[in-house]
Amino acid sequence: MGTLDRVELDAMIDEATVDAYGEDEERTGLFTMLEEYLDVPFTAVVLGVEVTVRGVDLTPDGTIVARCSRGRARQAIGILELPLPSPAPEGAEWIEAYRHWAG
């Protein structure tokens with residue numbers, strides 16, 4: 001990641017937050033774009049263990065998390081803390097836009 005410049009990221013954020021009033025609605029707009037465009041499932045390595053990222057969620061406290069699984073174990077990991085594979089899945093540029101927005 002890191003291939004988009006500030007102008008492109010700002011344009012993506014504007015697209016996601018066009019009708020938003022306040023930070024909570026902006027985050028929800030970015031979550032919606034992640035939910036729509038991030039190509040799941042994909043595998044990632046978390047603490048040396050391969051997991052499957054099955055989707056994204058917005059928690060009640062406003063955190064965007066990746067829903068990860070390995071066998072029967074399930075774990076939500078903050079999307080900004082999730083190590084992405086190389087190459088990154090389609091739609092991962094929305095994680096980059098969210099990171100830019102979150103500052």
# chains A, B, ... in the order shown; residues from 1 in each chain; ligands from 1
call {"tool": "closest_atom_pairs", "arguments": {"of": "region 5-46 of chain A", "to": "region 65-75 of chain A", "cutoff": "10 Å", "atoms": "only C-alpha atoms", "output": "CSV"}}
result
residue,atom,partner,partner_atom,distance
A:Phe31,CA,A:Val65,CA,9.4
A:Pro41,CA,A:Cys68,CA,9.3
A:Phe42,CA,A:Cys68,CA,9.6
A:Thr43,CA,A:Cys68,CA,8.9
A:Ala44,CA,A:Cys68,CA,8.9
A:Val46,CA,A:Cys68,CA,9.5
call {"tool": "write_last_selection", "arguments": {"atoms": "N, CA and C atoms", "output": "JSON list (two decimals), in the first residue's frame"}}
result
[["chain", "number", "residue", "atom", "x", "y", "z"],
["A", 31, "PHE", "N", -16.49, 3.12, 6.51],
["A", 31, "PHE", "CA", -16.78, 1.71, 6.76],
["A", 31, "PHE", "C", -17.61, 1.12, 5.62],
["A", 41, "PRO", "N", -13.03, -13.19, 1.19],
["A", 41, "PRO", "CA", -12.00, -13.40, 2.19],
["A", 41, "PRO", "C", -10.59, -13.29, 1.59],
["A", 42, "PHE", "N", -9.62, -13.02, 2.46],
["A", 42, "PHE", "CA", -8.21, -13.08, 2.10],
["A", 42, "PHE", "C", -7.44, -13.51, 3.34],
["A", 43, "THR", "N", -6.21, -13.96, 3.13],
["A", 43, "THR", "CA", -5.41, -14.40, 4.26],
["A", 43, "THR", "C", -4.42, -13.31, 4.65],
["A", 44, "ALA", "N", -4.12, -13.28, 5.93],
["A", 44, "ALA", "CA", -3.14, -12.35, 6.48],
["A", 44, "ALA", "C", -2.40, -13.10, 7.59],
["A", 46, "VAL", "N", -1.05, -12.72, 11.33],
["A", 46, "VAL", "CA", -1.18, -11.93, 12.56],
["A", 46, "VAL", "C", -0.38, -12.65, 13.65]]
call {"tool": "residues_around", "arguments": {"residues": "Leu38 (chain A)", "least_positions_apart": "2", "cutoff": "6 Å", "atoms": "only C-alpha atoms", "output": "list in words"}}
result
Leu34, Glu90, Gly91 and Ala92 of chain A
call {"tool": "write_last_selection", "arguments": {"atoms": "C-alpha atoms", "output": "PDB file, in the first residue's frame"}}
result
ATOM      1  CA  LEU A  34     -14.613  -0.847   3.030  1.00  0.00           C
ATOM      2  CA  GLU A  90      -8.616  -5.522  -4.085  1.00  0.00           C
ATOM      3  CA  GLY A  91     -10.163  -2.591  -2.262  1.00  0.00           C
ATOM      4  CA  ALA A  92      -7.315  -2.254   0.250  1.00  0.00           C
TER       5      ALA A  92
END
call {"tool": "residues_around", "arguments": {"residues": "region 18-23 of chain A", "least_positions_apart": "6", "cutoff": "12 Å", "atoms": "only C-alpha atoms", "output": "list in words"}}
result
Asp10, Ala11, Met12, Gly29, Leu30, Gly62, Trp101 and Ala102 of chain A
call {"tool": "closest_residue", "arguments": {"among": "A:Pro83, A:Trp94, A:Ile64, A:Ala16", "to": "Val49 (chain A)", "atoms": "only C-alpha atoms"}}
result
A:Pro83
call {"tool": "atom_distance", "arguments": {"atom1": "CA of Ile77 (chain A)", "atom2": "CA of Glu15 (chain A)"}}
result
25.3 Å
call {"tool": "atom_distance", "arguments": {"atom1": "CA of Thr3 (chain A)", "atom2": "CA of Thr63 (chain A)"}}
result
24.4 Å
call {"tool": "select_by_dssp", "arguments": {"residues": "chain A", "states": "strand (DSSP E or B)", "output": "list in words"}}
result
Phe42, Thr43, Ala44, Val45, Val46, Val49, Glu50, Val51, Thr52, Val53, Arg54, Gly55, Val56, Asp57, Leu58, Ile64, Val65, Ala66, Arg67, Cys68, Ser69, Arg70, Ala73, Arg74, Gln75, Ala76, Ile77 and Gly78 of chain A
call {"tool": "atom_distance", "arguments": {"atom1": "CA of Ile13 (chain A)", "atom2": "CA of Tyr98 (chain A)"}}
result
7.6 Å
call {"tool": "closest_residue", "arguments": {"among": "A:Asp14, A:Thr28, A:Leu84, A:Val40", "to": "Ala97 (chain A)", "atoms": "only C-alpha atoms"}}
result
A:Asp14
call {"tool": "select_by_dssp", "arguments": {"residues": "chain A", "states": "alpha helix (DSSP H)", "output": "PDB file with N, CA and C atoms, in the first residue's frame"}}
result
ATOM      1  N   ARG A   6      -1.810  12.118  -1.571  1.00  0.00           N
ATOM      2  CA  ARG A   6      -2.744  12.822  -0.691  1.00  0.00           C
ATOM      3  C   ARG A   6      -4.000  13.290  -1.435  1.00  0.00           C
ATOM      4  N   VAL A   7      -3.854  13.765  -2.656  1.00  0.00           N
ATOM      5  CA  VAL A   7      -4.995  14.243  -3.446  1.00  0.00           C
ATOM      6  C   VAL A   7      -5.964  13.097  -3.724  1.00  0.00           C
ATOM      7  N   GLU A   8      -5.429  11.928  -4.104  1.00  0.00           N
ATOM      8  CA  GLU A   8      -6.285  10.767  -4.370  1.00  0.00           C
ATOM      9  C   GLU A   8      -6.984  10.295  -3.099  1.00  0.00           C
ATOM     10  N   LEU A   9      -6.253  10.262  -1.997  1.00  0.00           N
ATOM     11  CA  LEU A   9      -6.858   9.851  -0.733  1.00  0.00           C
ATOM     12  C   LEU A   9      -7.942  10.831  -0.296  1.00  0.00           C
ATOM     13  N   ASP A  10      -7.676  12.116  -0.433  1.00  0.00           N
ATOM     14  CA  ASP A  10      -8.685  13.123  -0.077  1.00  0.00           C
ATOM     15  C   ASP A  10      -9.935  12.980  -0.940  1.00  0.00           C
ATOM     16  N   ALA A  11      -9.762  12.657  -2.222  1.00  0.00           N
ATOM     17  CA  ALA A  11     -10.909  12.465  -3.114  1.00  0.00           C
ATOM     18  C   ALA A  11     -11.727  11.244  -2.680  1.00  0.00           C
ATOM     19  N   MET A  12     -11.050  10.187  -2.292  1.00  0.00           N
ATOM     20  CA  MET A  12     -11.759   9.000  -1.807  1.00  0.00           C
ATOM     21  C   MET A  12     -12.529   9.316  -0.527  1.00  0.00           C
ATOM     22  N   ILE A  13     -11.893  10.041   0.378  1.00  0.00           N
ATOM     23  CA  ILE A  13     -12.558  10.418   1.631  1.00  0.00           C
ATOM     24  C   ILE A  13     -13.764  11.295   1.345  1.00  0.00           C
ATOM     25  N   ASP A  14     -13.615  12.242   0.420  1.00  0.00           N
ATOM     26  CA  ASP A  14     -14.748  13.094   0.041  1.00  0.00           C
ATOM     27  C   ASP A  14     -15.905  12.256  -0.501  1.00  0.00           C
ATOM     28  N   GLU A  15     -15.587  11.258  -1.330  1.00  0.00           N
ATOM     29  CA  GLU A  15     -16.614  10.378  -1.889  1.00  0.00           C
ATOM     30  C   GLU A  15     -17.349   9.623  -0.789  1.00  0.00           C
ATOM     31  N   ALA A  16     -16.608   9.134   0.188  1.00  0.00           N
ATOM     32  CA  ALA A  16     -17.192   8.329   1.260  1.00  0.00           C
ATOM     33  C   ALA A  16     -17.977   9.153   2.264  1.00  0.00           C
ATOM     34  N   THR A  17     -17.645  10.427   2.387  1.00  0.00           N
ATOM     35  CA  THR A  17     -18.232  11.244   3.464  1.00  0.00           C
ATOM     36  C   THR A  17     -19.084  12.396   2.944  1.00  0.00           C
ATOM     37  N   GLU A  23     -17.946  13.407  12.729  1.00  0.00           N
ATOM     38  CA  GLU A  23     -16.947  12.349  12.657  1.00  0.00           C
ATOM     39  C   GLU A  23     -17.559  10.946  12.628  1.00  0.00           C
ATOM     40  N   ASP A  24     -18.597  10.704  13.427  1.00  0.00           N
ATOM     41  CA  ASP A  24     -19.214   9.377  13.461  1.00  0.00           C
ATOM     42  C   ASP A  24     -19.788   9.000  12.099  1.00  0.00           C
ATOM     43  N   GLU A  25     -20.472   9.921  11.458  1.00  0.00           N
ATOM     44  CA  GLU A  25     -21.038   9.637  10.146  1.00  0.00           C
ATOM     45  C   GLU A  25     -19.948   9.510   9.083  1.00  0.00           C
ATOM     46  N   GLU A  26     -18.873  10.264   9.226  1.00  0.00           N
ATOM     47  CA  GLU A  26     -17.746  10.113   8.297  1.00  0.00           C
ATOM     48  C   GLU A  26     -17.145   8.714   8.415  1.00  0.00           C
ATOM     49  N   ARG A  27     -16.941   8.253   9.652  1.00  0.00           N
ATOM     50  CA  ARG A  27     -16.399   6.911   9.874  1.00  0.00           C
ATOM     51  C   ARG A  27     -17.339   5.868   9.283  1.00  0.00           C
ATOM     52  N   THR A  28     -18.631   6.056   9.459  1.00  0.00           N
ATOM     53  CA  THR A  28     -19.608   5.118   8.902  1.00  0.00           C
ATOM     54  C   THR A  28     -19.534   5.104   7.379  1.00  0.00           C
ATOM     55  N   GLY A  29     -19.340   6.262   6.771  1.00  0.00           N
ATOM     56  CA  GLY A  29     -19.186   6.327   5.317  1.00  0.00           C
ATOM     57  C   GLY A  29     -17.958   5.569   4.849  1.00  0.00           C
ATOM     58  N   LEU A  30     -16.857   5.714   5.557  1.00  0.00           N
ATOM     59  CA  LEU A  30     -15.638   4.981   5.207  1.00  0.00           C
ATOM     60  C   LEU A  30     -15.813   3.482   5.442  1.00  0.00           C
ATOM     61  N   PHE A  31     -16.489   3.115   6.508  1.00  0.00           N
ATOM     62  CA  PHE A  31     -16.785   1.708   6.763  1.00  0.00           C
ATOM     63  C   PHE A  31     -17.614   1.124   5.619  1.00  0.00           C
ATOM     64  N   THR A  32     -18.593   1.869   5.163  1.00  0.00           N
ATOM     65  CA  THR A  32     -19.444   1.407   4.064  1.00  0.00           C
ATOM     66  C   THR A  32     -18.623   1.127   2.813  1.00  0.00           C
ATOM     67  N   MET A  33     -17.666   1.991   2.518  1.00  0.00           N
ATOM     68  CA  MET A  33     -16.806   1.780   1.354  1.00  0.00           C
ATOM     69  C   MET A  33     -15.929   0.545   1.551  1.00  0.00           C
ATOM     70  N   LEU A  34     -15.400   0.355   2.743  1.00  0.00           N
ATOM     71  CA  LEU A  34     -14.613  -0.847   3.030  1.00  0.00           C
ATOM     72  C   LEU A  34     -15.473  -2.098   2.863  1.00  0.00           C
ATOM     73  N   GLU A  35     -16.661  -2.051   3.418  1.00  0.00           N
ATOM     74  CA  GLU A  35     -17.556  -3.200   3.347  1.00  0.00           C
ATOM     75  C   GLU A  35     -17.908  -3.530   1.892  1.00  0.00           C
ATOM     76  N   GLU A  36     -18.073  -2.506   1.088  1.00  0.00           N
ATOM     77  CA  GLU A  36     -18.459  -2.706  -0.307  1.00  0.00           C
ATOM     78  C   GLU A  36     -17.294  -3.127  -1.193  1.00  0.00           C
ATOM     79  N   TYR A  37     -16.107  -2.536  -0.990  1.00  0.00           N
ATOM     80  CA  TYR A  37     -15.030  -2.711  -1.956  1.00  0.00           C
ATOM     81  C   TYR A  37     -13.891  -3.643  -1.532  1.00  0.00           C
ATOM     82  N   GLU A  93      -7.146  -0.108  -0.880  1.00  0.00           N
ATOM     83  CA  GLU A  93      -6.903   1.335  -0.909  1.00  0.00           C
ATOM     84  C   GLU A  93      -7.870   2.074   0.017  1.00  0.00           C
ATOM     85  N   TRP A  94      -9.023   1.459   0.327  1.00  0.00           N
ATOM     86  CA  TRP A  94      -9.959   2.082   1.267  1.00  0.00           C
ATOM     87  C   TRP A  94      -9.425   2.029   2.695  1.00  0.00           C
ATOM     88  N   ILE A  95      -8.610   1.028   3.010  1.00  0.00           N
ATOM     89  CA  ILE A  95      -7.934   1.006   4.313  1.00  0.00           C
ATOM     90  C   ILE A  95      -6.948   2.167   4.369  1.00  0.00           C
ATOM     91  N   GLU A  96      -6.241   2.385   3.269  1.00  0.00           N
ATOM     92  CA  GLU A  96      -5.291   3.495   3.200  1.00  0.00           C
ATOM     93  C   GLU A  96      -6.023   4.837   3.352  1.00  0.00           C
ATOM     94  N   ALA A  97      -7.186   4.964   2.710  1.00  0.00           N
ATOM     95  CA  ALA A  97      -7.964   6.203   2.834  1.00  0.00           C
ATOM     96  C   ALA A  97      -8.441   6.391   4.270  1.00  0.00           C
ATOM     97  N   TYR A  98      -8.889   5.306   4.903  1.00  0.00           N
ATOM     98  CA  TYR A  98      -9.325   5.395   6.295  1.00  0.00           C
ATOM     99  C   TYR A  98      -8.159   5.787   7.204  1.00  0.00           C
ATOM    100  N   ARG A  99      -6.985   5.207   6.960  1.00  0.00           N
ATOM    101  CA  ARG A  99      -5.782   5.548   7.742  1.00  0.00           C
ATOM    102  C   ARG A  99      -5.471   7.041   7.593  1.00  0.00           C
ATOM    103  N   HIS A 100      -5.558   7.542   6.363  1.00  0.00           N
ATOM    104  CA  HIS A 100      -5.293   8.964   6.082  1.00  0.00           C
ATOM    105  C   HIS A 100      -6.319   9.839   6.825  1.00  0.00           C
ATOM    106  N   TRP A 101      -7.592   9.445   6.770  1.00  0.00           N
ATOM    107  CA  TRP A 101      -8.650  10.193   7.457  1.00  0.00           C
ATOM    108  C   TRP A 101      -8.412  10.197   8.961  1.00  0.00           C
ATOM    109  N   ALA A 102      -8.040   9.028   9.514  1.00  0.00           N
ATOM    110  CA  ALA A 102      -7.867   8.898  10.956  1.00  0.00           C
ATOM    111  C   ALA A 102      -6.643   9.681  11.440  1.00  0.00           C
TER     112      ALA A 102
END
